[in-house]
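Structure data follow from work_4.cif (mmCIF, C-alpha atoms):
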data_my_file
#
loop_
_atom_site.label_atom_id
_atom_site.label_comp_id
_atom_site.auth_asym_id
_atom_site.auth_seq_id
_atom_site.Cartn_x
_atom_site.Cartn_y
_atom_site.Cartn_z
CA MET P 165 65.19 137.26 112.61
CA PRO P 166 67.00 133.91 112.15
CA ARG P 167 66.52 134.25 108.38
CA ILE P 168 68.14 137.70 108.40
CA ILE P 169 71.09 136.42 110.44
CA ALA P 170 71.54 133.47 108.05
CA SER P 171 71.48 135.83 105.07
CA LEU P 172 74.11 138.08 106.67
CA VAL P 173 76.36 135.12 107.44
CA GLY P 174 76.01 133.86 103.86
CA ALA P 175 76.78 137.32 102.45
CA ALA P 176 79.84 137.60 104.66
CA PHE P 177 81.07 134.19 103.52
CA VAL P 178 80.64 135.15 99.86
CA PHE P 179 82.45 138.47 100.48
CA VAL P 180 85.43 136.77 102.14
CA LEU P 181 85.57 134.16 99.37
CA ALA P 182 85.54 136.91 96.72
CA ILE P 183 88.41 138.72 98.45
CA ALA P 184 90.44 135.50 98.63
CA LEU P 185 89.78 134.73 94.96
CA PHE P 186 90.76 138.26 93.94
CA GLY P 187 93.96 138.05 95.99
CA THR P 188 94.89 134.71 94.44
CA ALA P 189 94.26 135.98 90.90
CA LYS P 190 96.23 139.17 91.57
CA THR P 191 99.21 137.21 92.94
CA ALA P 192 99.15 134.80 89.98
CA ILE P 193 99.22 137.74 87.53
CA GLN P 194 101.78 139.89 89.30
CA GLU P 195 104.02 137.08 90.54
CA PRO P 196 103.76 134.14 88.12
CA ALA P 197 105.41 130.88 89.17
CA ALA P 198 108.97 130.46 87.96
CA GLU P 199 109.45 128.11 85.03
CA SER P 200 110.77 124.67 85.90
CA ALA P 201 113.14 122.44 83.97
CA GLU P 202 110.20 120.18 83.10
CA HIS P 203 108.34 123.05 81.41
CA VAL P 204 111.33 124.36 79.48
CA PHE P 205 112.98 121.13 78.31
CA HIS P 206 110.03 118.74 78.00
CA LEU P 207 109.42 117.71 74.38
CA HIS P 208 106.17 116.63 72.74
CA PRO P 209 106.16 113.51 70.54
CA GLU P 210 105.83 113.73 66.78
CA ASP P 211 103.15 111.89 64.83
CA ILE P 212 104.58 108.59 63.57
CA GLY P 213 101.65 107.98 61.22
CA LEU P 214 100.53 104.50 62.20
CA PRO P 215 98.16 102.76 59.75
CA SER P 216 95.53 102.63 62.52
CA ASN P 217 95.33 106.42 62.78
CA GLY P 218 92.34 108.36 61.48
CA PHE P 219 88.69 107.55 60.87
CA PHE P 220 89.50 104.92 58.24
CA GLY P 221 92.64 103.51 59.90
CA LYS P 222 93.26 99.76 60.08
CA PHE P 223 95.88 97.72 61.87
CA ASP P 224 98.70 96.25 59.81
CA ASN P 225 98.92 92.68 61.11
CA GLN P 226 102.46 92.25 59.86
CA GLN P 227 103.54 95.29 61.85
CA LEU P 228 101.61 94.07 64.91
CA GLN P 229 103.40 90.73 64.75
CA ARG P 230 106.75 92.51 64.60
CA GLY P 231 105.67 94.62 67.57
CA PHE P 232 104.69 91.51 69.49
CA GLN P 233 108.14 90.08 68.78
CA VAL P 234 109.74 93.23 70.24
CA TYR P 235 107.51 92.96 73.30
CA LYS P 236 108.35 89.28 73.69
CA GLU P 237 112.12 89.63 73.32
CA VAL P 238 112.68 93.04 74.94
CA CYS P 239 109.78 94.28 77.06
CA SER P 240 108.29 91.14 78.61
CA ALA P 241 111.25 90.70 80.98
CA CYS P 242 109.93 93.62 83.06
CA HIS P 243 106.44 94.57 81.86
CA SER P 244 103.24 92.56 82.14
CA LEU P 245 100.37 92.40 79.67
CA LYS P 246 97.69 91.19 82.06
CA TYR P 247 94.60 92.15 80.04
CA VAL P 248 95.66 90.21 76.94
CA ALA P 249 95.26 86.46 76.51
CA PHE P 250 97.45 84.33 74.27
CA ARG P 251 94.40 83.39 72.18
CA ASP P 252 93.86 87.09 71.39
CA LEU P 253 96.87 86.85 69.09
CA SER P 254 94.57 85.21 66.55
CA LYS P 255 93.23 88.72 65.84
CA ILE P 256 96.61 89.81 64.50
CA GLY P 257 97.10 86.84 62.19
CA TYR P 258 98.54 84.01 64.28
CA THR P 259 97.13 80.54 63.72
CA ASP P 260 95.91 78.27 66.54
CA PRO P 261 98.99 76.00 66.38
CA GLU P 262 101.26 79.06 66.48
CA ILE P 263 99.39 80.46 69.49
CA LYS P 264 99.63 77.15 71.35
CA ALA P 265 103.37 77.04 70.66
CA ILE P 266 103.85 80.66 71.81
CA ALA P 267 101.95 79.98 75.04
CA ASN P 268 103.77 76.70 75.73
CA GLN P 269 107.22 78.18 75.09
CA TRP P 270 106.65 81.42 77.02
CA VAL P 271 109.49 81.87 79.51
CA ILE P 272 107.28 82.92 82.44
CA GLU P 273 104.89 80.16 83.50
CA GLN P 274 101.46 80.51 85.10
CA PRO P 275 101.33 80.49 88.90
CA SER P 276 99.50 77.42 90.18
CA VAL P 277 99.16 75.09 93.15
CA ASN P 278 100.50 71.57 93.37
CA PRO P 279 97.34 69.46 93.86
CA GLU P 280 99.26 66.82 95.81
CA THR P 281 101.08 69.04 98.29
CA GLY P 282 99.06 72.27 98.17
CA GLU P 283 102.27 74.23 97.72
CA ALA P 284 102.77 77.05 95.22
CA ALA P 285 103.90 75.85 91.81
CA THR P 286 103.83 76.86 88.16
CA ARG P 287 102.53 75.29 84.98
CA LYS P 288 102.92 75.78 81.25
CA ASN P 289 100.74 78.44 79.64
CA VAL P 290 97.79 77.50 77.45
CA ALA P 291 96.03 79.60 74.83
CA SER P 292 93.25 80.71 77.20
CA ASP P 293 95.71 82.11 79.76
CA HIS P 294 96.52 85.79 80.02
CA PHE P 295 100.15 86.80 79.65
CA PRO P 296 101.78 86.12 83.04
CA SER P 297 103.53 88.81 85.04
CA PRO P 298 107.33 88.54 85.08
CA PHE P 299 107.27 89.12 88.85
CA ALA P 300 105.46 87.32 91.64
CA ASN P 301 104.21 90.55 93.23
CA GLU P 302 104.87 94.28 93.54
CA VAL P 303 107.57 93.80 96.17
CA ALA P 304 109.53 91.47 93.88
CA ALA P 305 109.06 93.86 90.95
CA ARG P 306 110.43 96.81 92.91
CA ALA P 307 113.30 94.77 94.32
CA ALA P 308 114.41 93.85 90.80
CA ASN P 309 114.08 97.40 89.42
CA ASN P 310 115.77 99.71 91.92
CA ASN P 311 112.45 100.26 93.74
CA ALA P 312 110.68 101.36 90.53
CA LEU P 313 107.51 99.50 89.57
CA PRO P 314 107.35 98.61 85.86
CA PRO P 315 103.80 99.43 84.69
CA ASP P 316 101.53 96.98 82.92
CA LEU P 317 101.51 97.75 79.19
CA SER P 318 98.06 96.42 78.24
CA LEU P 319 96.42 99.87 78.21
CA MET P 320 99.51 102.06 78.02
CA SER P 321 98.59 103.75 74.75
CA LYS P 322 95.29 104.80 76.36
CA ALA P 323 96.83 105.73 79.71
CA ARG P 324 99.22 108.29 78.19
CA HIS P 325 98.35 111.37 76.17
CA ASP P 326 99.03 110.82 72.46
CA GLY P 327 99.69 107.18 73.40
CA SER P 328 101.31 105.50 70.39
CA ASN P 329 103.37 108.59 69.52
CA TYR P 330 104.41 108.93 73.17
CA ILE P 331 105.56 105.29 73.36
CA HIS P 332 107.67 105.67 70.22
CA ALA P 333 109.15 108.97 71.40
CA LEU P 334 109.93 107.62 74.86
CA LEU P 335 111.71 104.53 73.50
CA THR P 336 113.84 106.56 71.10
CA GLY P 337 114.26 109.67 73.26
CA TYR P 338 117.06 108.66 75.63
CA ARG P 339 120.00 111.05 75.40
CA ALA P 340 122.64 112.85 77.44
CA GLN P 341 121.31 115.62 79.63
CA PRO P 342 121.88 118.93 77.80
CA ALA P 343 124.45 121.31 79.28
CA ALA P 344 121.96 124.18 78.84
CA LEU P 345 119.61 122.49 81.31
CA ILE P 346 122.28 122.22 84.00
CA LYS P 347 123.34 125.81 83.36
CA GLU P 348 119.81 127.17 83.67
CA PHE P 349 118.64 124.76 86.40
CA PRO P 350 121.69 123.62 88.42
CA GLY P 351 119.52 121.59 90.79
CA ALA P 352 117.89 119.57 88.01
CA LYS P 353 120.78 117.23 87.28
CA THR P 354 119.62 113.69 86.58
CA PRO P 355 119.98 111.68 89.81
CA GLU P 356 122.10 108.57 90.02
CA GLY P 357 120.21 105.51 88.76
CA LEU P 358 117.84 107.51 86.56
CA HIS P 359 118.05 108.29 82.84
CA TYR P 360 117.38 111.57 81.04
CA ASN P 361 114.49 111.45 78.58
CA PRO P 362 112.84 114.74 77.49
CA TYR P 363 109.60 112.95 76.58
CA PHE P 364 109.06 111.69 80.12
CA ALA P 365 106.95 113.91 82.39
CA ASN P 366 109.73 114.92 84.81
CA LEU P 367 112.59 114.33 82.35
CA ASN P 368 114.16 111.54 84.43
CA ILE P 369 113.00 107.94 84.11
CA ALA P 370 114.01 104.84 86.06
CA MET P 371 113.77 102.49 83.07
CA PRO P 372 117.11 102.05 81.26
CA PRO P 373 116.98 102.37 77.46
CA PRO P 374 115.29 99.11 76.34
CA LEU P 375 116.24 99.49 72.66
CA THR P 376 120.00 99.79 72.70
CA SER P 377 121.09 99.03 69.13
CA ASP P 378 119.90 98.27 65.63
CA GLY P 379 119.35 94.57 65.02
CA GLN P 380 118.47 93.88 68.64
CA VAL P 381 115.56 91.83 67.28
CA THR P 382 115.70 89.75 64.09
CA TYR P 383 112.43 90.08 62.21
CA SER P 384 111.22 86.95 60.46
CA ASP P 385 109.74 88.98 57.56
CA GLY P 386 113.13 90.49 56.70
CA THR P 387 112.32 94.05 57.85
CA LYS P 388 115.43 95.91 58.98
CA ALA P 389 115.21 96.19 62.78
CA THR P 390 116.47 99.71 63.41
CA LYS P 391 115.75 101.26 66.81
CA ASP P 392 113.19 103.55 65.20
CA GLN P 393 111.47 100.65 63.43
CA MET P 394 111.33 98.53 66.58
CA ALA P 395 109.88 101.46 68.53
CA ARG P 396 107.24 102.03 65.84
CA ASP P 397 106.29 98.37 65.76
CA VAL P 398 105.95 97.93 69.52
CA ALA P 399 103.99 101.21 69.69
CA ALA P 400 101.60 99.80 67.09
CA PHE P 401 101.30 96.54 69.03
CA LEU P 402 100.53 98.34 72.29
CA THR P 403 97.94 100.44 70.46
CA TRP P 404 96.29 97.17 69.48
CA THR P 405 96.42 95.71 73.01
CA ALA P 406 94.62 98.81 74.29
CA GLU P 407 92.00 98.78 71.54
CA PRO P 408 91.88 95.36 69.84
CA ASN P 409 88.47 96.06 68.27
CA LEU P 410 89.54 99.24 66.48
CA ASN P 411 89.12 97.73 63.01
CA ALA P 412 85.54 96.65 63.78
CA ARG P 413 84.75 100.02 65.36
CA HIS P 414 86.01 101.93 62.35
CA ALA P 415 84.10 99.62 59.99
CA ALA P 416 80.92 100.14 62.03
CA GLY P 417 81.46 103.91 61.89
CA VAL P 418 81.82 103.88 58.11
CA ALA P 419 78.70 101.71 57.76
CA ALA P 420 76.76 104.06 60.06
CA GLY P 421 77.90 107.08 58.04
CA ILE P 422 76.78 105.48 54.77
CA PHE P 423 73.44 104.53 56.34
CA LEU P 424 72.87 108.10 57.53
CA LEU P 425 73.64 109.49 54.07
CA ILE P 426 71.16 107.11 52.45
CA PHE P 427 68.57 107.85 55.16
CA CYS P 428 68.94 111.60 54.62
CA PHE P 429 68.49 111.15 50.86
CA LEU P 430 65.37 109.02 51.38
CA ALA P 431 63.97 111.52 53.90
CA TRP P 432 64.56 114.36 51.49
CA GLY P 433 62.84 112.39 48.69
CA ALA P 434 59.88 111.59 50.96
CA TYR P 435 59.58 115.27 51.91
CA GLN P 436 59.57 116.29 48.26
CA ASN P 437 56.93 113.66 47.45
CA VAL P 438 54.59 114.46 50.35
CA TRP P 439 54.66 118.24 49.88
CA ARG P 440 54.93 118.41 46.08
CA ASP P 441 51.35 119.74 45.62
CA VAL P 442 51.57 122.31 48.38
CA LYS P 443 52.17 125.87 47.28
CA HIS P 444 54.62 127.85 49.43
#
Now, as a test, write the supplied structure out as structure tokens.
Amino acid sequence: MPRIIASLVGAAFVFVLAIALFGTAKTAIQEPAAESAEHVFHLHPEDIGLPSNGFFGKFDNQQLQRGFQVYKEVCSACHSLKYVAFRDLSKIGYTDPEIKAIANQWVIEQPSVNPETGEAATRKNVASDHFPSPFANEVAARAANNNALPPDLSLMSKARHDGSNYIHALLTGYRAQPAALIKEFPGAKTPEGLHYNPYFANLNIAMPPPLTSDGQVTYSDGTKATKDQMARDVAAFLTWTAEPNLNARHAAGVAAGIFLLIFCFLAWGAYQNVWRDVKH
């Protein structure tokens, strides 16, 4: 008897669940949700064709150094790079003396403690240090940025869909809010203190345009620093910070592919040799 009652209760539960699921599906088909401004006016980034793209892609160290310069002179005032150490810059072509100089001259110093007084202090960066945060804590970061928290950029190209293309599109995508958007969605006007950017998820971003004009950075290799070029370079650099071993991974993949081809050829030859006298 208890087993029958349990079966009936289970059947009733399944029946009610089926009715609810049917009702939900029917409502979704007959009364679809109205389109929002984000769905209509959101744009998807275009492929900027970085050298690191594809199975055989490799980082261009010269471009990565330009991207680091953009990060240093433009982005580092607000955004941290906490998973990258100064000594990691050796992987993109900087020498040890250059790395020591970069660390020593970095504007933000490392938080420390005065050994004599025990009070909070700072010290110069050394090559083994990670890039310091421009703010002491989250409260200070929000206070300096209209209550918006600037994200760490170490893994940004992995944290966002189509990472490097998204970063480039976001940096170059600031524009005036289209009149068609206000006409179709009167309540979607960009709020005070925010900036319209169709590549951002909800179209309105707290970060002001970081790249404001051509020549904002002077490249040491003579490359013309247009806004598009600076955005490409920093996107490439942030792709490297998120995956610094990409070159080695791609090389290992190519070597593994070649090995498998040779192995398949040898296996086929062994098969032909072992079974050559057998009649099929």
Report as a compact mmCIF listing (two decimals) with C-alpha atoms, in the coordinates of the input all protein, DNA and RNA residues lying within 12 Å of region 359-364 of chain P, evaluated on only C-alpha atoms, omitting residues in the same chain fewer than 2 positions from it.
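Saved the output as result.txt:
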# COMPACT_ATOMS: atom_id res chain seq x y z
CA ALA P 201 113.14 122.44 83.97
CA GLU P 202 110.20 120.18 83.10
CA HIS P 203 108.34 123.05 81.41
CA VAL P 204 111.33 124.36 79.48
CA PHE P 205 112.98 121.13 78.31
CA HIS P 206 110.03 118.74 78.00
CA LEU P 207 109.42 117.71 74.38
CA HIS P 208 106.17 116.63 72.74
CA PRO P 209 106.16 113.51 70.54
CA GLU P 210 105.83 113.73 66.78
CA ARG P 324 99.22 108.29 78.19
CA HIS P 325 98.35 111.37 76.17
CA ASP P 326 99.03 110.82 72.46
CA GLY P 327 99.69 107.18 73.40
CA ASN P 329 103.37 108.59 69.52
CA TYR P 330 104.41 108.93 73.17
CA ILE P 331 105.56 105.29 73.36
CA HIS P 332 107.67 105.67 70.22
CA ALA P 333 109.15 108.97 71.40
CA LEU P 334 109.93 107.62 74.86
CA LEU P 335 111.71 104.53 73.50
CA THR P 336 113.84 106.56 71.10
CA GLY P 337 114.26 109.67 73.26
CA TYR P 338 117.06 108.66 75.63
CA ARG P 339 120.00 111.05 75.40
CA ALA P 340 122.64 112.85 77.44
CA GLN P 341 121.31 115.62 79.63
CA PRO P 342 121.88 118.93 77.80
CA LEU P 345 119.61 122.49 81.31
CA ALA P 352 117.89 119.57 88.01
CA LYS P 353 120.78 117.23 87.28
CA THR P 354 119.62 113.69 86.58
CA PRO P 355 119.98 111.68 89.81
CA GLU P 356 122.10 108.57 90.02
CA GLY P 357 120.21 105.51 88.76
CA ASN P 366 109.73 114.92 84.81
CA LEU P 367 112.59 114.33 82.35
CA ASN P 368 114.16 111.54 84.43
CA ILE P 369 113.00 107.94 84.11
CA ALA P 370 114.01 104.84 86.06
CA MET P 371 113.77 102.49 83.07
CA PRO P 372 117.11 102.05 81.26
CA PRO P 373 116.98 102.37 77.46
CA PRO P 374 115.29 99.11 76.34
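For the pair CA of Asn268 (chain P) and CA of Ala389 (chain P), the separation is 26.0 Å.
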Determine the residue membership of the PyMOL selection byres ((chain P and resi 400-415) around 10) for the file above and supply it as a PyMOL selection string.
chain P and resi 212+214-225+227-235+245+247-249+252-253+255-256+317-323+327-329+331-332+394-399+416-421
From CA of Phe349 (chain P) to CA of Glu199 (chain P) the spacing works out at 9.9 Å
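For the structure in this document, the set picked by the PyMOL selection byres ((chain P and resi 390) around 9) is Ser377, Asp378, Gly379, Gln380, Val381, Thr387, Lys388, Ala389, Lys391, Asp392, Gln393, Met394 and Ala395 of chain P.
You will find CA of Asp260 (chain P) at 27.0 Å from CA of Val277 (chain P).
With the shown file loaded, the PyMOL selection byres ((chain P and resi 241) around 12) picks out Val234, Tyr235, Lys236, Glu237, Val238, Cys239, Ser240, Cys242, His243, Ser244, Leu245, Trp270, Val271, Ile272, Phe295, Pro296, Ser297, Pro298, Phe299, Ala305, Ala308, Asn309, Pro314, Asp316 and Pro374 of chain P.
Among the candidate residues P:Thr281, P:Val178, P:Thr286, P:Ala291, the one lying nearest to Ile263 (chain P) is P:Ala291, with distances computed using all atoms listed in the file.
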Ile266 (chain P) environment, 9 Å, only C-alpha atoms, sequence neighbours closer than 4 positions dropped, as number ranges by chain
P: 250, 261-262, 270, 289-291
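The smallest atom-to-atom distance between Ala300 (chain P) and any of P:Ala170, P:Ser276, P:Arg251, P:Ile422, using all atoms listed in the file, is found for P:Ser276.
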